[in-house]
Every structure is written in C-alpha cells, then in structure tokens.
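Peer 1: So here's protein-v3.cif, just mmCIF, N, CA and C atoms:
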```cif
data_model
loop_
_atom_site.label_atom_id
_atom_site.label_comp_id
_atom_site.auth_asym_id
_atom_site.auth_seq_id
_atom_site.Cartn_x
_atom_site.Cartn_y
_atom_site.Cartn_z
N MET A 1 17.08 -33.30 -32.79
CA MET A 1 16.98 -31.88 -33.04
C MET A 1 15.57 -31.37 -32.72
N VAL A 2 14.55 -32.08 -33.19
CA VAL A 2 13.17 -31.69 -32.94
C VAL A 2 12.88 -31.74 -31.44
N ARG A 3 13.37 -32.78 -30.76
CA ARG A 3 13.17 -32.91 -29.32
C ARG A 3 13.84 -31.77 -28.57
N THR A 4 15.01 -31.37 -29.01
CA THR A 4 15.72 -30.27 -28.38
C THR A 4 14.93 -28.97 -28.53
N CYS A 5 14.40 -28.75 -29.71
CA CYS A 5 13.59 -27.55 -29.95
C CYS A 5 12.32 -27.57 -29.10
N LEU A 6 11.67 -28.72 -29.05
CA LEU A 6 10.46 -28.83 -28.23
C LEU A 6 10.77 -28.64 -26.75
N ALA A 7 11.86 -29.20 -26.30
CA ALA A 7 12.26 -29.03 -24.91
C ALA A 7 12.55 -27.56 -24.61
N PHE A 8 13.24 -26.89 -25.51
CA PHE A 8 13.54 -25.47 -25.34
C PHE A 8 12.26 -24.65 -25.27
N LEU A 9 11.33 -24.93 -26.17
CA LEU A 9 10.05 -24.21 -26.18
C LEU A 9 9.26 -24.45 -24.91
N LEU A 10 9.29 -25.68 -24.42
CA LEU A 10 8.60 -26.01 -23.18
C LEU A 10 9.19 -25.25 -22.01
N VAL A 11 10.50 -25.21 -21.91
CA VAL A 11 11.17 -24.46 -20.84
C VAL A 11 10.86 -22.97 -20.96
N LEU A 12 10.89 -22.45 -22.17
CA LEU A 12 10.59 -21.05 -22.40
C LEU A 12 9.16 -20.72 -21.97
N LEU A 13 8.22 -21.57 -22.31
CA LEU A 13 6.83 -21.39 -21.90
C LEU A 13 6.70 -21.40 -20.38
N MET A 14 7.40 -22.30 -19.72
CA MET A 14 7.34 -22.38 -18.26
C MET A 14 7.89 -21.10 -17.63
N VAL A 15 8.98 -20.60 -18.16
CA VAL A 15 9.58 -19.37 -17.63
C VAL A 15 8.63 -18.19 -17.83
N MET A 16 8.03 -18.10 -19.01
CA MET A 16 7.09 -17.01 -19.28
C MET A 16 5.87 -17.11 -18.38
N ASN A 17 5.35 -18.30 -18.17
CA ASN A 17 4.22 -18.50 -17.27
C ASN A 17 4.57 -18.08 -15.85
N THR A 18 5.76 -18.42 -15.41
CA THR A 18 6.20 -18.05 -14.07
C THR A 18 6.27 -16.54 -13.93
N ALA A 19 6.77 -15.85 -14.94
CA ALA A 19 6.88 -14.39 -14.90
C ALA A 19 5.49 -13.75 -14.86
N VAL A 20 4.57 -14.24 -15.67
CA VAL A 20 3.21 -13.71 -15.69
C VAL A 20 2.53 -13.98 -14.35
N PHE A 21 2.70 -15.17 -13.81
CA PHE A 21 2.12 -15.52 -12.52
C PHE A 21 2.68 -14.61 -11.43
N ALA A 22 3.97 -14.34 -11.46
CA ALA A 22 4.58 -13.47 -10.45
C ALA A 22 4.03 -12.06 -10.55
N GLN A 23 3.83 -11.56 -11.78
CA GLN A 23 3.25 -10.24 -11.95
C GLN A 23 1.82 -10.19 -11.42
N GLU A 24 1.05 -11.24 -11.70
CA GLU A 24 -0.32 -11.31 -11.19
C GLU A 24 -0.34 -11.34 -9.66
N GLU A 25 0.58 -12.09 -9.07
CA GLU A 25 0.68 -12.15 -7.61
C GLU A 25 1.05 -10.80 -7.03
N ASP A 26 1.99 -10.10 -7.67
CA ASP A 26 2.37 -8.76 -7.21
C ASP A 26 1.19 -7.81 -7.28
N LEU A 27 0.45 -7.86 -8.38
CA LEU A 27 -0.72 -7.00 -8.55
C LEU A 27 -1.77 -7.32 -7.49
N ARG A 28 -2.05 -8.60 -7.31
CA ARG A 28 -3.05 -9.01 -6.32
C ARG A 28 -2.63 -8.57 -4.92
N SER A 29 -1.35 -8.71 -4.62
CA SER A 29 -0.83 -8.31 -3.32
C SER A 29 -0.97 -6.80 -3.11
N THR A 30 -0.66 -6.03 -4.14
CA THR A 30 -0.76 -4.58 -4.04
C THR A 30 -2.21 -4.14 -3.89
N VAL A 31 -3.11 -4.74 -4.65
CA VAL A 31 -4.54 -4.42 -4.53
C VAL A 31 -5.04 -4.78 -3.14
N ASP A 32 -4.70 -5.96 -2.66
CA ASP A 32 -5.13 -6.37 -1.32
C ASP A 32 -4.60 -5.42 -0.25
N TYR A 33 -3.34 -5.01 -0.40
CA TYR A 33 -2.75 -4.07 0.56
C TYR A 33 -3.53 -2.76 0.58
N LYS A 34 -3.84 -2.22 -0.61
CA LYS A 34 -4.56 -0.94 -0.68
C LYS A 34 -5.97 -1.07 -0.13
N VAL A 35 -6.66 -2.15 -0.46
CA VAL A 35 -8.01 -2.35 0.05
C VAL A 35 -7.98 -2.49 1.58
N ASN A 36 -7.02 -3.24 2.11
CA ASN A 36 -6.91 -3.38 3.56
C ASN A 36 -6.63 -2.04 4.22
N LYS A 37 -5.77 -1.26 3.60
CA LYS A 37 -5.45 0.08 4.12
C LYS A 37 -6.70 0.95 4.13
N MET A 38 -7.45 0.92 3.03
CA MET A 38 -8.68 1.70 2.95
C MET A 38 -9.71 1.21 3.96
N GLN A 39 -9.78 -0.11 4.14
CA GLN A 39 -10.75 -0.66 5.07
C GLN A 39 -10.48 -0.18 6.49
N LYS A 40 -9.21 -0.15 6.88
CA LYS A 40 -8.86 0.31 8.22
C LYS A 40 -9.08 1.81 8.38
N GLU A 41 -8.63 2.58 7.41
CA GLU A 41 -8.69 4.04 7.53
C GLU A 41 -10.09 4.60 7.33
N LEU A 42 -10.89 3.95 6.50
CA LEU A 42 -12.21 4.47 6.18
C LEU A 42 -13.33 3.71 6.87
N HIS A 43 -12.97 2.68 7.64
CA HIS A 43 -13.95 1.85 8.36
C HIS A 43 -15.00 1.30 7.39
N LEU A 44 -14.50 0.61 6.36
CA LEU A 44 -15.38 0.06 5.33
C LEU A 44 -16.13 -1.16 5.83
N THR A 45 -17.28 -1.39 5.25
CA THR A 45 -17.98 -2.64 5.47
C THR A 45 -17.30 -3.71 4.61
N ASP A 46 -17.59 -4.95 4.89
CA ASP A 46 -17.01 -6.03 4.07
C ASP A 46 -17.47 -5.92 2.61
N SER A 47 -18.73 -5.56 2.39
CA SER A 47 -19.22 -5.45 1.01
C SER A 47 -18.56 -4.28 0.29
N GLN A 48 -18.27 -3.19 0.99
CA GLN A 48 -17.55 -2.08 0.37
C GLN A 48 -16.14 -2.53 -0.02
N ALA A 49 -15.46 -3.20 0.90
CA ALA A 49 -14.09 -3.67 0.63
C ALA A 49 -14.07 -4.63 -0.55
N ASP A 50 -15.04 -5.52 -0.63
CA ASP A 50 -15.11 -6.46 -1.76
C ASP A 50 -15.32 -5.73 -3.08
N ALA A 51 -16.11 -4.65 -3.06
CA ALA A 51 -16.39 -3.90 -4.28
C ALA A 51 -15.21 -3.06 -4.74
N LEU A 52 -14.32 -2.69 -3.82
CA LEU A 52 -13.19 -1.82 -4.18
C LEU A 52 -12.09 -2.55 -4.94
N GLY A 53 -11.89 -3.82 -4.65
CA GLY A 53 -10.80 -4.58 -5.27
C GLY A 53 -10.77 -4.48 -6.79
N PRO A 54 -11.86 -4.79 -7.48
CA PRO A 54 -11.84 -4.72 -8.95
C PRO A 54 -11.62 -3.30 -9.47
N ILE A 55 -12.11 -2.30 -8.77
CA ILE A 55 -11.93 -0.90 -9.19
C ILE A 55 -10.46 -0.53 -9.13
N ILE A 56 -9.83 -0.86 -8.01
CA ILE A 56 -8.42 -0.53 -7.82
C ILE A 56 -7.55 -1.33 -8.79
N LYS A 57 -7.88 -2.59 -8.98
CA LYS A 57 -7.10 -3.42 -9.90
C LYS A 57 -7.18 -2.87 -11.32
N ASP A 58 -8.38 -2.49 -11.74
CA ASP A 58 -8.57 -1.93 -13.08
C ASP A 58 -7.72 -0.68 -13.27
N TYR A 59 -7.73 0.21 -12.28
CA TYR A 59 -6.92 1.43 -12.36
C TYR A 59 -5.43 1.08 -12.45
N MET A 60 -4.98 0.17 -11.61
CA MET A 60 -3.55 -0.17 -11.58
C MET A 60 -3.09 -0.81 -12.89
N VAL A 61 -3.92 -1.66 -13.47
CA VAL A 61 -3.58 -2.31 -14.74
C VAL A 61 -3.49 -1.26 -15.86
N LYS A 62 -4.47 -0.36 -15.90
CA LYS A 62 -4.45 0.68 -16.94
C LYS A 62 -3.27 1.63 -16.74
N ARG A 63 -2.98 1.98 -15.50
CA ARG A 63 -1.86 2.88 -15.19
C ARG A 63 -0.54 2.22 -15.61
N ALA A 64 -0.38 0.95 -15.28
CA ALA A 64 0.85 0.24 -15.64
C ALA A 64 1.00 0.17 -17.16
N ALA A 65 -0.10 -0.02 -17.88
CA ALA A 65 -0.04 -0.08 -19.34
C ALA A 65 0.43 1.25 -19.93
N VAL A 66 -0.07 2.35 -19.38
CA VAL A 66 0.36 3.68 -19.85
C VAL A 66 1.85 3.87 -19.60
N LEU A 67 2.29 3.55 -18.40
CA LEU A 67 3.70 3.74 -18.06
C LEU A 67 4.61 2.80 -18.84
N GLU A 68 4.14 1.59 -19.08
CA GLU A 68 4.93 0.63 -19.87
C GLU A 68 5.06 1.09 -21.32
N GLU A 69 3.99 1.67 -21.83
CA GLU A 69 4.00 2.14 -23.22
C GLU A 69 5.05 3.23 -23.43
N VAL A 70 5.21 4.12 -22.48
CA VAL A 70 6.16 5.22 -22.65
C VAL A 70 7.55 4.89 -22.13
N ALA A 71 7.70 3.77 -21.45
CA ALA A 71 8.98 3.42 -20.85
C ALA A 71 10.09 3.28 -21.87
N GLY A 72 9.80 2.76 -23.02
CA GLY A 72 10.83 2.54 -24.02
C GLY A 72 11.06 3.73 -24.95
N GLN A 73 10.26 4.76 -24.79
CA GLN A 73 10.40 5.93 -25.65
C GLN A 73 11.56 6.80 -25.17
N GLY A 74 12.29 7.36 -26.10
CA GLY A 74 13.41 8.21 -25.73
C GLY A 74 12.95 9.53 -25.15
N ILE A 75 12.09 10.22 -25.86
CA ILE A 75 11.57 11.51 -25.41
C ILE A 75 10.09 11.31 -25.11
N VAL A 76 9.70 11.67 -23.90
CA VAL A 76 8.32 11.45 -23.46
C VAL A 76 7.66 12.79 -23.17
N ASP A 77 6.43 12.94 -23.63
CA ASP A 77 5.65 14.13 -23.33
C ASP A 77 5.04 13.92 -21.94
N HIS A 78 5.76 14.38 -20.92
CA HIS A 78 5.35 14.15 -19.54
C HIS A 78 3.99 14.76 -19.21
N VAL A 79 3.70 15.90 -19.77
CA VAL A 79 2.41 16.55 -19.53
C VAL A 79 1.28 15.67 -20.05
N SER A 80 1.48 15.10 -21.23
CA SER A 80 0.47 14.22 -21.81
C SER A 80 0.29 12.96 -20.95
N VAL A 81 1.39 12.39 -20.51
CA VAL A 81 1.31 11.19 -19.66
C VAL A 81 0.57 11.52 -18.36
N LYS A 82 0.91 12.64 -17.76
CA LYS A 82 0.24 13.03 -16.50
C LYS A 82 -1.25 13.27 -16.72
N ARG A 83 -1.60 13.87 -17.84
CA ARG A 83 -3.02 14.09 -18.13
C ARG A 83 -3.75 12.76 -18.32
N THR A 84 -3.08 11.83 -18.99
CA THR A 84 -3.69 10.51 -19.17
C THR A 84 -3.89 9.83 -17.81
N LEU A 85 -2.88 9.91 -16.96
CA LEU A 85 -3.00 9.32 -15.63
C LEU A 85 -4.06 10.03 -14.80
N LYS A 86 -4.17 11.32 -14.98
CA LYS A 86 -5.20 12.10 -14.29
C LYS A 86 -6.59 11.60 -14.71
N GLY A 87 -6.76 11.36 -16.00
CA GLY A 87 -8.03 10.84 -16.50
C GLY A 87 -8.35 9.47 -15.92
N LEU A 88 -7.34 8.63 -15.82
CA LEU A 88 -7.55 7.31 -15.21
C LEU A 88 -7.93 7.44 -13.73
N LYS A 89 -7.29 8.38 -13.04
CA LYS A 89 -7.60 8.59 -11.62
C LYS A 89 -9.02 9.13 -11.46
N GLU A 90 -9.44 10.00 -12.37
CA GLU A 90 -10.81 10.51 -12.34
C GLU A 90 -11.81 9.37 -12.49
N GLN A 91 -11.53 8.47 -13.43
CA GLN A 91 -12.41 7.31 -13.61
C GLN A 91 -12.46 6.46 -12.34
N GLU A 92 -11.28 6.24 -11.74
CA GLU A 92 -11.24 5.45 -10.51
C GLU A 92 -12.07 6.12 -9.43
N TYR A 93 -11.93 7.43 -9.25
CA TYR A 93 -12.68 8.13 -8.22
C TYR A 93 -14.18 8.11 -8.49
N GLN A 94 -14.56 8.20 -9.74
CA GLN A 94 -15.99 8.13 -10.05
C GLN A 94 -16.55 6.77 -9.65
N GLN A 95 -15.79 5.72 -9.92
CA GLN A 95 -16.23 4.38 -9.54
C GLN A 95 -16.21 4.21 -8.03
N LEU A 96 -15.17 4.71 -7.38
CA LEU A 96 -15.09 4.61 -5.92
C LEU A 96 -16.23 5.36 -5.25
N SER A 97 -16.64 6.49 -5.83
CA SER A 97 -17.70 7.29 -5.23
C SER A 97 -19.05 6.58 -5.27
N ARG A 98 -19.17 5.55 -6.09
CA ARG A 98 -20.41 4.74 -6.12
C ARG A 98 -20.44 3.73 -4.98
N VAL A 99 -19.27 3.48 -4.38
CA VAL A 99 -19.16 2.49 -3.32
C VAL A 99 -19.00 3.17 -1.95
N LEU A 100 -18.22 4.23 -1.91
CA LEU A 100 -17.91 4.91 -0.66
C LEU A 100 -18.93 6.01 -0.37
N SER A 101 -19.10 6.30 0.92
CA SER A 101 -19.93 7.44 1.30
C SER A 101 -19.18 8.73 0.95
N ALA A 102 -19.88 9.85 0.98
CA ALA A 102 -19.24 11.14 0.68
C ALA A 102 -18.11 11.42 1.67
N ASP A 103 -18.33 11.11 2.96
CA ASP A 103 -17.29 11.34 3.97
C ASP A 103 -16.08 10.44 3.74
N GLN A 104 -16.33 9.17 3.42
CA GLN A 104 -15.23 8.24 3.14
C GLN A 104 -14.45 8.70 1.92
N MET A 105 -15.17 9.14 0.90
CA MET A 105 -14.52 9.58 -0.33
C MET A 105 -13.65 10.80 -0.05
N LYS A 106 -14.17 11.76 0.68
CA LYS A 106 -13.40 12.96 1.00
C LYS A 106 -12.16 12.61 1.81
N LYS A 107 -12.30 11.71 2.77
CA LYS A 107 -11.15 11.32 3.58
C LYS A 107 -10.08 10.65 2.72
N TRP A 108 -10.49 9.78 1.80
CA TRP A 108 -9.52 9.09 0.95
C TRP A 108 -8.83 10.06 -0.02
N ILE A 109 -9.61 10.97 -0.59
CA ILE A 109 -9.03 11.96 -1.50
C ILE A 109 -8.03 12.85 -0.75
N ASP A 110 -8.40 13.27 0.45
CA ASP A 110 -7.47 14.08 1.26
C ASP A 110 -6.19 13.32 1.53
N LYS A 111 -6.31 12.03 1.82
CA LYS A 111 -5.13 11.19 2.07
C LYS A 111 -4.26 11.10 0.81
N GLU A 112 -4.86 10.88 -0.34
CA GLU A 112 -4.09 10.78 -1.57
C GLU A 112 -3.47 12.13 -1.95
N ASN A 113 -4.17 13.23 -1.69
CA ASN A 113 -3.59 14.55 -1.93
C ASN A 113 -2.37 14.78 -1.04
N LEU A 114 -2.47 14.35 0.21
CA LEU A 114 -1.34 14.49 1.13
C LEU A 114 -0.16 13.68 0.63
N MET A 115 -0.40 12.45 0.19
CA MET A 115 0.69 11.61 -0.32
C MET A 115 1.31 12.22 -1.58
N ALA A 116 0.49 12.82 -2.45
CA ALA A 116 1.02 13.47 -3.65
C ALA A 116 1.86 14.68 -3.28
N THR A 117 1.45 15.40 -2.25
CA THR A 117 2.21 16.56 -1.79
C THR A 117 3.54 16.13 -1.18
N LEU A 118 3.53 15.04 -0.43
CA LEU A 118 4.75 14.55 0.22
C LEU A 118 5.70 13.91 -0.78
N ASN A 119 5.19 13.49 -1.94
CA ASN A 119 6.01 12.84 -2.95
C ASN A 119 5.89 13.60 -4.27
N PRO A 120 6.43 14.82 -4.33
CA PRO A 120 6.23 15.66 -5.51
C PRO A 120 6.89 15.13 -6.78
N ASP A 121 7.83 14.21 -6.67
CA ASP A 121 8.50 13.68 -7.86
C ASP A 121 7.74 12.51 -8.48
N SER A 122 6.64 12.12 -7.87
CA SER A 122 5.84 11.02 -8.40
C SER A 122 5.27 11.41 -9.75
N ILE A 123 5.14 10.44 -10.64
CA ILE A 123 4.60 10.67 -11.98
C ILE A 123 3.19 11.23 -11.91
N GLU A 124 2.46 10.93 -10.83
CA GLU A 124 1.08 11.36 -10.71
C GLU A 124 0.92 12.57 -9.81
N SER A 125 2.00 13.15 -9.31
CA SER A 125 1.87 14.18 -8.29
C SER A 125 1.28 15.48 -8.78
N SER A 126 1.51 15.82 -10.04
CA SER A 126 0.94 17.09 -10.51
C SER A 126 0.88 17.13 -12.03
N VAL A 127 -0.01 17.96 -12.48
CA VAL A 127 -0.09 18.30 -13.89
C VAL A 127 0.14 19.81 -13.92
N ASP A 128 0.29 20.40 -15.07
CA ASP A 128 0.62 21.81 -15.14
C ASP A 128 -0.48 22.72 -14.61
N ASP A 129 -1.69 22.21 -14.41
CA ASP A 129 -2.72 23.06 -13.84
C ASP A 129 -2.68 22.97 -12.32
N ASP A 130 -3.42 23.82 -11.65
CA ASP A 130 -3.36 23.90 -10.19
C ASP A 130 -4.69 23.48 -9.58
N THR A 131 -5.24 22.37 -10.03
CA THR A 131 -6.51 21.91 -9.50
C THR A 131 -6.30 20.99 -8.32
N THR A 132 -7.34 20.77 -7.57
CA THR A 132 -7.29 19.88 -6.42
C THR A 132 -8.41 18.86 -6.51
N LEU A 133 -8.27 17.79 -5.75
CA LEU A 133 -9.28 16.74 -5.75
C LEU A 133 -10.48 17.16 -4.92
N THR A 134 -11.64 16.78 -5.40
CA THR A 134 -12.87 17.01 -4.65
C THR A 134 -13.69 15.74 -4.67
N ALA A 135 -14.57 15.60 -3.70
CA ALA A 135 -15.40 14.41 -3.63
C ALA A 135 -16.36 14.30 -4.82
N SER A 136 -16.67 15.41 -5.45
CA SER A 136 -17.57 15.37 -6.60
C SER A 136 -16.88 14.85 -7.86
N GLY A 137 -15.56 14.74 -7.80
CA GLY A 137 -14.82 14.19 -8.92
C GLY A 137 -14.55 15.20 -10.01
N ALA A 138 -14.59 16.49 -9.71
CA ALA A 138 -14.44 17.50 -10.74
C ALA A 138 -13.01 17.94 -10.96
N ASN A 139 -12.30 18.24 -9.91
CA ASN A 139 -10.95 18.80 -10.05
C ASN A 139 -9.93 17.90 -9.39
N PHE A 140 -9.02 17.37 -10.18
CA PHE A 140 -8.04 16.46 -9.67
C PHE A 140 -6.64 17.02 -9.83
N LYS A 141 -5.79 16.76 -8.86
CA LYS A 141 -4.39 17.18 -8.93
C LYS A 141 -3.51 15.94 -8.94
N PHE A 142 -3.08 15.53 -10.13
CA PHE A 142 -2.19 14.38 -10.27
C PHE A 142 -1.22 14.64 -11.36
#
```
Reformat the file's structure so that it appears as structure tokens.
Peer 2:
Amino acid sequence: MVRTCLAFLLVLLMVMNTAVFAQEEDLRSTVDYKVNKMQKELHLTDSQADALGPIIKDYMVKRAAVLEEVAGQGIVDHVSVKRTLKGLKEQEYQQLSRVLSADQMKKWIDKENLMATLNPDSIESSVDDDTTLTASGANFKF
C-alpha cells in the first residue's frame, strides 16, 4: 500500500514537472520569437537583443498571471483588467526605452499600435479612454 502511494506520488510529480517544463519552454520560445522579430525590424545590436529578453519575459509572466487570476471568475471587470494590463505595458515600455533608441522605440510602439488596431477584440486592444502610445511612455492605448 505504501509503495503504491509512493509510486503514485512519484508519477504525479513527474507529470507536474513535465507540465511546468513545457510552460517554461513555451514562454522561452515566445520571448525568443519576439526578441528575434524586434531584432530584425529594429536592427538591434546583440547587446540590445540580450537586454530585451528579461524585460519581455517579465511582462509576459505578469500578464499571464493577471489573465489567469480572472480566468476562473464568473463576472470580470474588463475595464479593470485592461487598466491593469495597460499599467504592465507602460512598465514594459519604460524598461524598453532604457535599451532602445528613441527611433527604435517609436517604430516598435507604432507596430504594436497597428497590431492592436488590426486585432480590436484583443484583451489589450483598448481601454475606455482614447489615448495613444508615445515614445515618452505617457499615453498608452491597450
């Protein structure tokens, strides 16, 4: 009986480890994809690209945590969620602006604004206000 319980726990631990590892791999893959995309489009130096990975990963982890927290709720205050995501995006842009030049930052913000416009049903596409993204990090539309 004890051996059966231990065997079950061992198998359960292995399955949980595999799931966590797969999530980490997915996250790493997504971060690498975005950094590579930014490197090509913004003509980043290798040191800029290396510095962007942790910034993007931090944003994605925090964003996923917000969305996971509200996923199980029956009624969700969408405006509040969007404002929270907007705040996370502002933090990301502030950090990115320390690595990217003003021109690179403007180009990336314009690209993300275009993607938000093309995908209006995205959770981050808009908040009830009508602000837009700027390189100074003041007005964001998500």
Peer 1: Kindly give the distance, in Å, that separates atom N of Asp32 in chain A and CA of Ala65 in chain A, rounded to a single decimal.
Peer 2: 18.3 Å
Peer 1: Compare A:Leu100, A:Leu27, A:Ile109, A:Leu114 by their minimum atom-to-atom distance to Met60 in chain A, counting all atoms listed in the file, and give me the closest one.
Peer 2: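 Selected residue with least distance to Met60 in chain A: A:Leu27.
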Peer 1: Work out how far atom C of His78 in chain A is from CA of Ala64 in chain A, in Å to one decimal.
Peer 2: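 Computed distance, CA of Ala64 in chain A to atom C of His78 in chain A, equals 15.3 Å.
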Peer 1: Just checking: using all atoms listed in the file, which residue out of A:Ala71, A:Val66, A:Ile56, A:Val99 ends up closest to Thr84 in chain A?
Peer 2: A:Val66
Peer 1: I'd like the contact shell of Leu85 in chain A - 8 Å cut-off, all atoms listed in the file, skipping same-chain residues fewer than 2 positions apart - returned as number ranges by chain.
Peer 2: A: 62-63, 66, 79-83, 87-91, 123-124, 142
Peer 1: State, in Å with one decimal place, the distance from CA of Asn36 in chain A to CA of Glu69 in chain A.
Peer 2: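 Here the two named atoms are 29.4 Å from each other.
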Peer 1: Would you translate the PyMOL selection byres (((chain A and resi 34 and name CA) around 12) and name CA) into the concrete set of residues it matches in this file, as a count of residues only?
Peer 2: 26
